[in-house]
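Input: a single structure, listed below in structure tokens.
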Amino acid sequence: MSETNVPTITLNNGTAIPQLGFGVFRVDPDRTAEIAGTALEVGYRHIDTAAGYRNEAGVGDAVRASGIDRDDLWITTKLANGDQEHPDDAFQASLDALGLDAVDLYLIHWPVPAKDIYPSVWKTLIAIAESGRARSIGVSNFRIEHLERIIAETGVVPAVNQVELHVDFQQRELKAFHAEHGIATEAWYPLGGGSLSEAPELRRIADAHGKTVAQVVLRWHMHDGNIAIPKSNHRERMVENLDIFDFELTPADLDAIAALDKAEEGRRGGHPLQVG
Ligand code: NDP
């Protein structure tokens, strides 16, 4: 399996992010070096962690053990909600845990509107990017009103907004806003967060292409322009989830998947107005 099949998305600052990456949420910190190491071995070149996952050190260990050139890897991490009051220190702590001089992408994990300090946090991320320690900066779980506010207050548009997005919850309105403003959409829970959709349409499409439902779902993310970061603790699923570039979904397949959207009723994870 080679990483070279994975396309890139060009962000609004001109950098290219591998469209398919590997997420490590809920990967045991004690096993992260091994699991992220397997992901790198089977061909992933983009890893998504967060201070809140407490496994940045394992990701850093996997990077070093892999022997892969740092310039060939994309590493994302995120500012924990409890650190919004001191983002610069928290960012340095993430770099130290990772053992890296810079990350490729640093995200505000949640807006935490109850604190209402995300615009000043965004200003700190802008300074971090200017220092070169984060090559790109963005946000996660931001709604349109949060994006509008940070853009209005700073003039700096996030490169990425990482949000819950899967076949049951397709985020059409937010994606249209992203497209209008040049923000890349990154999908968390790309496979539905552990309960793959059992829609018969997906099974039919998968059978028609000789693929699994997970592969069809990830291929759909690619067609839809999303960056996707599926997680698996299992090598064979890591390989399966990367092996999606040898078939094309038809326009009819794409229409059938679009029709599975349950909009807000499809949400499975935390709500951006409540988390934090
Ligand atoms: P996913 O949608 O990636 O689903 C992961 C689950 O699906 C696991 O239970 C995994 O099981 C299973 N799975 C993986 N591959 C397959 C397959 N081929 N067939 C069947 N089942 C499969 O959910 P995640 O929660 O992991 O989200 C992905 C990433 O998104 C996270 O790891 C994290 O990096 C990011 N994230 C970000 C959030 C944010 O607030 N910004 C919130 C949540 C996630 P197993 O491991 O046993 O194989």
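We label chains A, B, ... in the order they appear in the structure tokens, count residues from 1 in each chain, and number ligands from 1 in the order shown.
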Expected answer as a PyMOL selection string: residues within 8 Å of ligand 1, only C-alpha atoms and all ligand atoms: chain A and resi 22-27+47-50+78+109-110+140-141+162-164+166+187-196+212-215+228-234+237-238+240-241+269-270
Polymer residues at most 12 Å from Ala129 of chain A, only C-alpha atoms, same-chain spacing of 3 or more positions, as a ChimeraX atom specification: /A:13,88,91,102-107,122-126,132-138,156,158-159
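Summary of the local environment: counting only C-alpha atoms, residues at most 10 Å from Arg70 of chain A, other than itself and those fewer than 6 positions away along its chain, are Arg45, Val63, Arg64 and Leu100 of chain A.
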Selection to disk with all heavy atoms, as a PDB file, in the first residue's frame:
```pdb
ATOM      1  N   ARG A  45      -0.124   9.257   5.759  1.00  0.00           N
ATOM      2  CA  ARG A  45       0.900  10.284   5.938  1.00  0.00           C
ATOM      3  C   ARG A  45       0.341  11.503   6.663  1.00  0.00           C
ATOM      4  O   ARG A  45       0.988  12.545   6.712  1.00  0.00           O
ATOM      5  CB  ARG A  45       1.477  10.693   4.566  1.00  0.00           C
ATOM      6  CG  ARG A  45       2.299   9.590   3.914  1.00  0.00           C
ATOM      7  CD  ARG A  45       3.579   9.303   4.735  1.00  0.00           C
ATOM      8  NE  ARG A  45       4.395   8.226   4.169  1.00  0.00           N
ATOM      9  CZ  ARG A  45       4.290   6.941   4.541  1.00  0.00           C
ATOM     10  NH1 ARG A  45       3.403   6.571   5.455  1.00  0.00           N
ATOM     11  NH2 ARG A  45       5.076   6.034   4.007  1.00  0.00           N
ATOM     12  N   VAL A  63       6.102   8.881  14.741  1.00  0.00           N
ATOM     13  CA  VAL A  63       6.733   9.652  13.653  1.00  0.00           C
ATOM     14  C   VAL A  63       8.237   9.372  13.623  1.00  0.00           C
ATOM     15  O   VAL A  63       8.807   9.071  12.572  1.00  0.00           O
ATOM     16  CB  VAL A  63       6.449  11.173  13.840  1.00  0.00           C
ATOM     17  CG1 VAL A  63       7.378  12.019  12.981  1.00  0.00           C
ATOM     18  CG2 VAL A  63       4.983  11.473  13.545  1.00  0.00           C
ATOM     19  N   ARG A  64       8.867   9.457  14.794  1.00  0.00           N
ATOM     20  CA  ARG A  64      10.321   9.255  14.826  1.00  0.00           C
ATOM     21  C   ARG A  64      10.696   7.817  14.463  1.00  0.00           C
ATOM     22  O   ARG A  64      11.630   7.576  13.703  1.00  0.00           O
ATOM     23  CB  ARG A  64      10.889   9.635  16.198  1.00  0.00           C
ATOM     24  CG  ARG A  64      11.056  11.154  16.343  1.00  0.00           C
ATOM     25  CD  ARG A  64      11.612  11.525  17.702  1.00  0.00           C
ATOM     26  NE  ARG A  64      10.637  11.244  18.753  1.00  0.00           N
ATOM     27  CZ  ARG A  64       9.578  12.007  19.030  1.00  0.00           C
ATOM     28  NH1 ARG A  64       9.365  13.108  18.320  1.00  0.00           N
ATOM     29  NH2 ARG A  64       8.728  11.695  19.980  1.00  0.00           N
ATOM     30  N   LEU A 100       8.149  17.794  18.359  1.00  0.00           N
ATOM     31  CA  LEU A 100       8.305  18.397  17.030  1.00  0.00           C
ATOM     32  C   LEU A 100       8.576  19.905  17.166  1.00  0.00           C
ATOM     33  O   LEU A 100       8.189  20.525  18.160  1.00  0.00           O
ATOM     34  CB  LEU A 100       7.030  18.204  16.202  1.00  0.00           C
ATOM     35  CG  LEU A 100       6.612  16.760  15.898  1.00  0.00           C
ATOM     36  CD1 LEU A 100       5.272  16.746  15.152  1.00  0.00           C
ATOM     37  CD2 LEU A 100       7.671  16.048  15.070  1.00  0.00           C
TER      38      LEU A 100
END
```
7 Å contact set for Pro29 of chain A, only C-alpha atoms, chain neighbours under 4 positions out, as a PDB file with all heavy atoms, in the first residue's frame:
```pdb
ATOM      1  N   ARG A  54      -4.645  13.065  24.875  1.00  0.00           N
ATOM      2  CA  ARG A  54      -3.548  12.636  25.748  1.00  0.00           C
ATOM      3  C   ARG A  54      -2.637  11.609  25.080  1.00  0.00           C
ATOM      4  O   ARG A  54      -2.049  10.759  25.756  1.00  0.00           O
ATOM      5  CB  ARG A  54      -4.088  12.092  27.076  1.00  0.00           C
ATOM      6  CG  ARG A  54      -4.984  13.107  27.767  1.00  0.00           C
ATOM      7  CD  ARG A  54      -5.329  12.759  29.191  1.00  0.00           C
ATOM      8  NE  ARG A  54      -6.235  13.760  29.751  1.00  0.00           N
ATOM      9  CZ  ARG A  54      -5.874  14.987  30.142  1.00  0.00           C
ATOM     10  NH1 ARG A  54      -4.619  15.368  30.055  1.00  0.00           N
ATOM     11  NH2 ARG A  54      -6.773  15.841  30.613  1.00  0.00           N
ATOM     12  N   ASN A  55      -2.572  11.653  23.768  1.00  0.00           N
ATOM     13  CA  ASN A  55      -1.708  10.678  23.084  1.00  0.00           C
ATOM     14  C   ASN A  55      -0.774  11.334  22.068  1.00  0.00           C
ATOM     15  O   ASN A  55      -0.238  10.665  21.188  1.00  0.00           O
ATOM     16  CB  ASN A  55      -2.553   9.563  22.442  1.00  0.00           C
ATOM     17  CG  ASN A  55      -3.586  10.083  21.456  1.00  0.00           C
ATOM     18  OD1 ASN A  55      -3.473  11.216  20.972  1.00  0.00           O
ATOM     19  ND2 ASN A  55      -4.585   9.265  21.146  1.00  0.00           N
ATOM     20  N   GLY A  58       2.660   9.657  21.945  1.00  0.00           N
ATOM     21  CA  GLY A  58       2.695   8.421  21.155  1.00  0.00           C
ATOM     22  C   GLY A  58       2.765   8.712  19.659  1.00  0.00           C
ATOM     23  O   GLY A  58       3.452   8.000  18.908  1.00  0.00           O
TER      24      GLY A  58
END
```
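Atom CA of Trp74 of chain A sits 28.7 Å away from atom CA of Glu145 of chain A.
Minimum atom-to-atom distance to Gly210 of chain A, evaluated using only C-alpha atoms, belongs to A:Ile244 out of A:Leu95, A:Leu174, A:Ile244, A:Asp89.
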DSSP-assigned helix (DSSP H, G or I) among segment 82-192 of chain A, expressed as a VMD selection string: chain A and resid 82 to 83 87 to 98 118 to 130 144 to 154 172 to 181
Strand (DSSP E or B) per DSSP on the backbone: members of segment 97-172 of chain A, as JSON, numbers by chain: {"A": [103, 104, 105, 106, 107, 108, 134, 135, 136, 137, 138, 139, 140, 160, 161, 162, 163, 164, 166, 169]}
What does the file look like for those residues with N, CA and C atoms, as an mmCIF file, in the first residue's frame?
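Written file, out.cif:
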```cif
data_model
loop_
_atom_site.group_PDB
_atom_site.id
_atom_site.type_symbol
_atom_site.label_atom_id
_atom_site.label_comp_id
_atom_site.auth_asym_id
_atom_site.auth_seq_id
_atom_site.Cartn_x
_atom_site.Cartn_y
_atom_site.Cartn_z
ATOM 1 N N VAL A 103 3.927 21.997 13.936
ATOM 2 C CA VAL A 103 2.872 21.114 13.423
ATOM 3 C C VAL A 103 2.400 21.656 12.078
ATOM 4 N N ASP A 104 1.721 20.815 11.346
ATOM 5 C CA ASP A 104 1.204 21.248 10.043
ATOM 6 C C ASP A 104 -0.106 21.999 10.203
ATOM 7 N N LEU A 105 -0.868 21.636 11.242
ATOM 8 C CA LEU A 105 -2.169 22.292 11.434
ATOM 9 C C LEU A 105 -2.478 22.327 12.923
ATOM 10 N N TYR A 106 -2.850 23.517 13.398
ATOM 11 C CA TYR A 106 -3.259 23.657 14.800
ATOM 12 C C TYR A 106 -4.687 24.191 14.810
ATOM 13 N N LEU A 107 -5.555 23.511 15.566
ATOM 14 C CA LEU A 107 -6.982 23.855 15.572
ATOM 15 C C LEU A 107 -7.446 24.243 16.970
ATOM 16 N N ILE A 108 -8.387 25.174 17.039
ATOM 17 C CA ILE A 108 -9.140 25.393 18.278
ATOM 18 C C ILE A 108 -10.175 24.268 18.327
ATOM 19 N N ALA A 134 3.250 26.649 13.568
ATOM 20 C CA ALA A 134 2.119 25.919 12.978
ATOM 21 C C ALA A 134 2.034 26.392 11.529
ATOM 22 N N ARG A 135 2.136 25.444 10.601
ATOM 23 C CA ARG A 135 2.192 25.854 9.192
ATOM 24 C C ARG A 135 0.832 26.338 8.709
ATOM 25 N N SER A 136 -0.235 25.758 9.293
ATOM 26 C CA SER A 136 -1.597 26.226 8.994
ATOM 27 C C SER A 136 -2.364 26.250 10.307
ATOM 28 N N ILE A 137 -3.390 27.093 10.356
ATOM 29 C CA ILE A 137 -4.238 27.158 11.556
ATOM 30 C C ILE A 137 -5.702 27.085 11.141
ATOM 31 N N GLY A 138 -6.484 26.562 12.047
ATOM 32 C CA GLY A 138 -7.906 26.440 11.746
ATOM 33 C C GLY A 138 -8.702 26.241 13.024
ATOM 34 N N VAL A 139 -9.921 25.789 12.845
ATOM 35 C CA VAL A 139 -10.843 25.641 13.969
ATOM 36 C C VAL A 139 -11.556 24.299 13.831
ATOM 37 N N SER A 140 -12.296 23.966 14.888
ATOM 38 C CA SER A 140 -13.058 22.724 14.861
ATOM 39 C C SER A 140 -14.370 22.973 15.591
ATOM 40 N N VAL A 160 -9.112 25.530 7.835
ATOM 41 C CA VAL A 160 -9.907 24.303 7.980
ATOM 42 C C VAL A 160 -10.947 24.513 9.075
ATOM 43 N N ASN A 161 -12.117 23.917 8.919
ATOM 44 C CA ASN A 161 -13.037 23.725 10.040
ATOM 45 C C ASN A 161 -13.314 22.224 10.110
ATOM 46 N N GLN A 162 -12.885 21.609 11.213
ATOM 47 C CA GLN A 162 -13.067 20.153 11.380
ATOM 48 C C GLN A 162 -14.365 19.934 12.171
ATOM 49 N N VAL A 163 -15.322 19.280 11.550
ATOM 50 C CA VAL A 163 -16.656 19.146 12.160
ATOM 51 C C VAL A 163 -17.183 17.721 11.986
ATOM 52 N N GLU A 164 -18.158 17.380 12.816
ATOM 53 C CA GLU A 164 -18.836 16.095 12.632
ATOM 54 C C GLU A 164 -19.486 16.085 11.253
ATOM 55 N N HIS A 166 -20.875 12.975 8.341
ATOM 56 C CA HIS A 166 -20.955 11.603 7.829
ATOM 57 C C HIS A 166 -22.238 11.487 7.011
ATOM 58 N N PHE A 169 -25.280 12.961 8.456
ATOM 59 C CA PHE A 169 -25.174 14.357 8.914
ATOM 60 C C PHE A 169 -24.195 15.071 7.983
#
```
For atom CA of Ala36 of chain A and atom CA of Gln84 of chain A, the interatomic separation in Å (one decimal): 27.1 Å
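You will find atom CA of Arg31 of chain A at 16.8 Å from atom CA of Glu236 of chain A.
Comparing A:Thr250, A:Gly276, A:His209, A:Leu242 by their smallest distance to His223 of chain A, the closest is A:Thr250 (using only C-alpha atoms).
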Nearby residues (only C-alpha atoms) at most 10 Å from segment 148-153 of chain A, same-chain spacing under 4 positions excluded, as a ChimeraX atom specification: /A:118-123,142-144,157-158,177,181
Could you take the residues named above and write them with N, CA, C and O atoms, as an mmCIF file, in the first residue's frame?
```
data_model
loop_
_atom_site.group_PDB
_atom_site.id
_atom_site.type_symbol
_atom_site.label_atom_id
_atom_site.label_comp_id
_atom_site.auth_asym_id
_atom_site.auth_seq_id
_atom_site.Cartn_x
_atom_site.Cartn_y
_atom_site.Cartn_z
ATOM 1 N N TYR A 118 -13.170 32.769 22.267
ATOM 2 C CA TYR A 118 -12.565 32.165 21.065
ATOM 3 C C TYR A 118 -11.995 33.187 20.085
ATOM 4 O O TYR A 118 -10.998 32.892 19.435
ATOM 5 N N PRO A 119 -12.548 34.445 19.993
ATOM 6 C CA PRO A 119 -11.885 35.391 19.072
ATOM 7 C C PRO A 119 -10.461 35.751 19.532
ATOM 8 O O PRO A 119 -9.548 35.840 18.711
ATOM 9 N N SER A 120 -10.257 35.903 20.849
ATOM 10 C CA SER A 120 -8.888 36.227 21.288
ATOM 11 C C SER A 120 -7.990 34.991 21.156
ATOM 12 O O SER A 120 -6.794 35.119 20.862
ATOM 13 N N VAL A 121 -8.567 33.800 21.334
ATOM 14 C CA VAL A 121 -7.781 32.579 21.122
ATOM 15 C C VAL A 121 -7.326 32.517 19.655
ATOM 16 O O VAL A 121 -6.171 32.193 19.353
ATOM 17 N N TRP A 122 -8.244 32.863 18.766
ATOM 18 C CA TRP A 122 -7.904 32.859 17.324
ATOM 19 C C TRP A 122 -6.750 33.825 17.043
ATOM 20 O O TRP A 122 -5.846 33.519 16.265
ATOM 21 N N LYS A 123 -6.737 34.979 17.712
ATOM 22 C CA LYS A 123 -5.631 35.937 17.511
ATOM 23 C C LYS A 123 -4.304 35.305 17.938
ATOM 24 O O LYS A 123 -3.273 35.501 17.289
ATOM 25 N N PHE A 142 -16.787 24.783 14.779
ATOM 26 C CA PHE A 142 -17.292 26.151 14.695
ATOM 27 C C PHE A 142 -18.530 26.178 13.814
ATOM 28 O O PHE A 142 -18.579 25.556 12.753
ATOM 29 N N ARG A 143 -19.551 26.897 14.279
ATOM 30 C CA ARG A 143 -20.735 27.138 13.470
ATOM 31 C C ARG A 143 -20.531 28.411 12.663
ATOM 32 O O ARG A 143 -19.571 29.160 12.879
ATOM 33 N N ILE A 144 -21.476 28.673 11.749
ATOM 34 C CA ILE A 144 -21.310 29.826 10.867
ATOM 35 C C ILE A 144 -21.103 31.113 11.676
ATOM 36 O O ILE A 144 -20.227 31.925 11.361
ATOM 37 N N VAL A 157 -9.002 34.113 7.667
ATOM 38 C CA VAL A 157 -9.959 33.021 7.466
ATOM 39 C C VAL A 157 -9.280 31.704 7.857
ATOM 40 O O VAL A 157 -8.171 31.412 7.390
ATOM 41 N N PRO A 158 -9.913 30.896 8.722
ATOM 42 C CA PRO A 158 -9.301 29.603 9.067
ATOM 43 C C PRO A 158 -9.070 28.761 7.810
ATOM 44 O O PRO A 158 -9.885 28.793 6.874
ATOM 45 N N PHE A 177 -21.115 27.577 3.249
ATOM 46 C CA PHE A 177 -20.408 28.734 3.823
ATOM 47 C C PHE A 177 -18.894 28.556 3.656
ATOM 48 O O PHE A 177 -18.179 29.490 3.270
ATOM 49 N N HIS A 181 -16.120 30.921 1.472
ATOM 50 C CA HIS A 181 -15.025 31.631 2.138
ATOM 51 C C HIS A 181 -13.661 30.962 1.995
ATOM 52 O O HIS A 181 -12.673 31.429 2.572
#
```
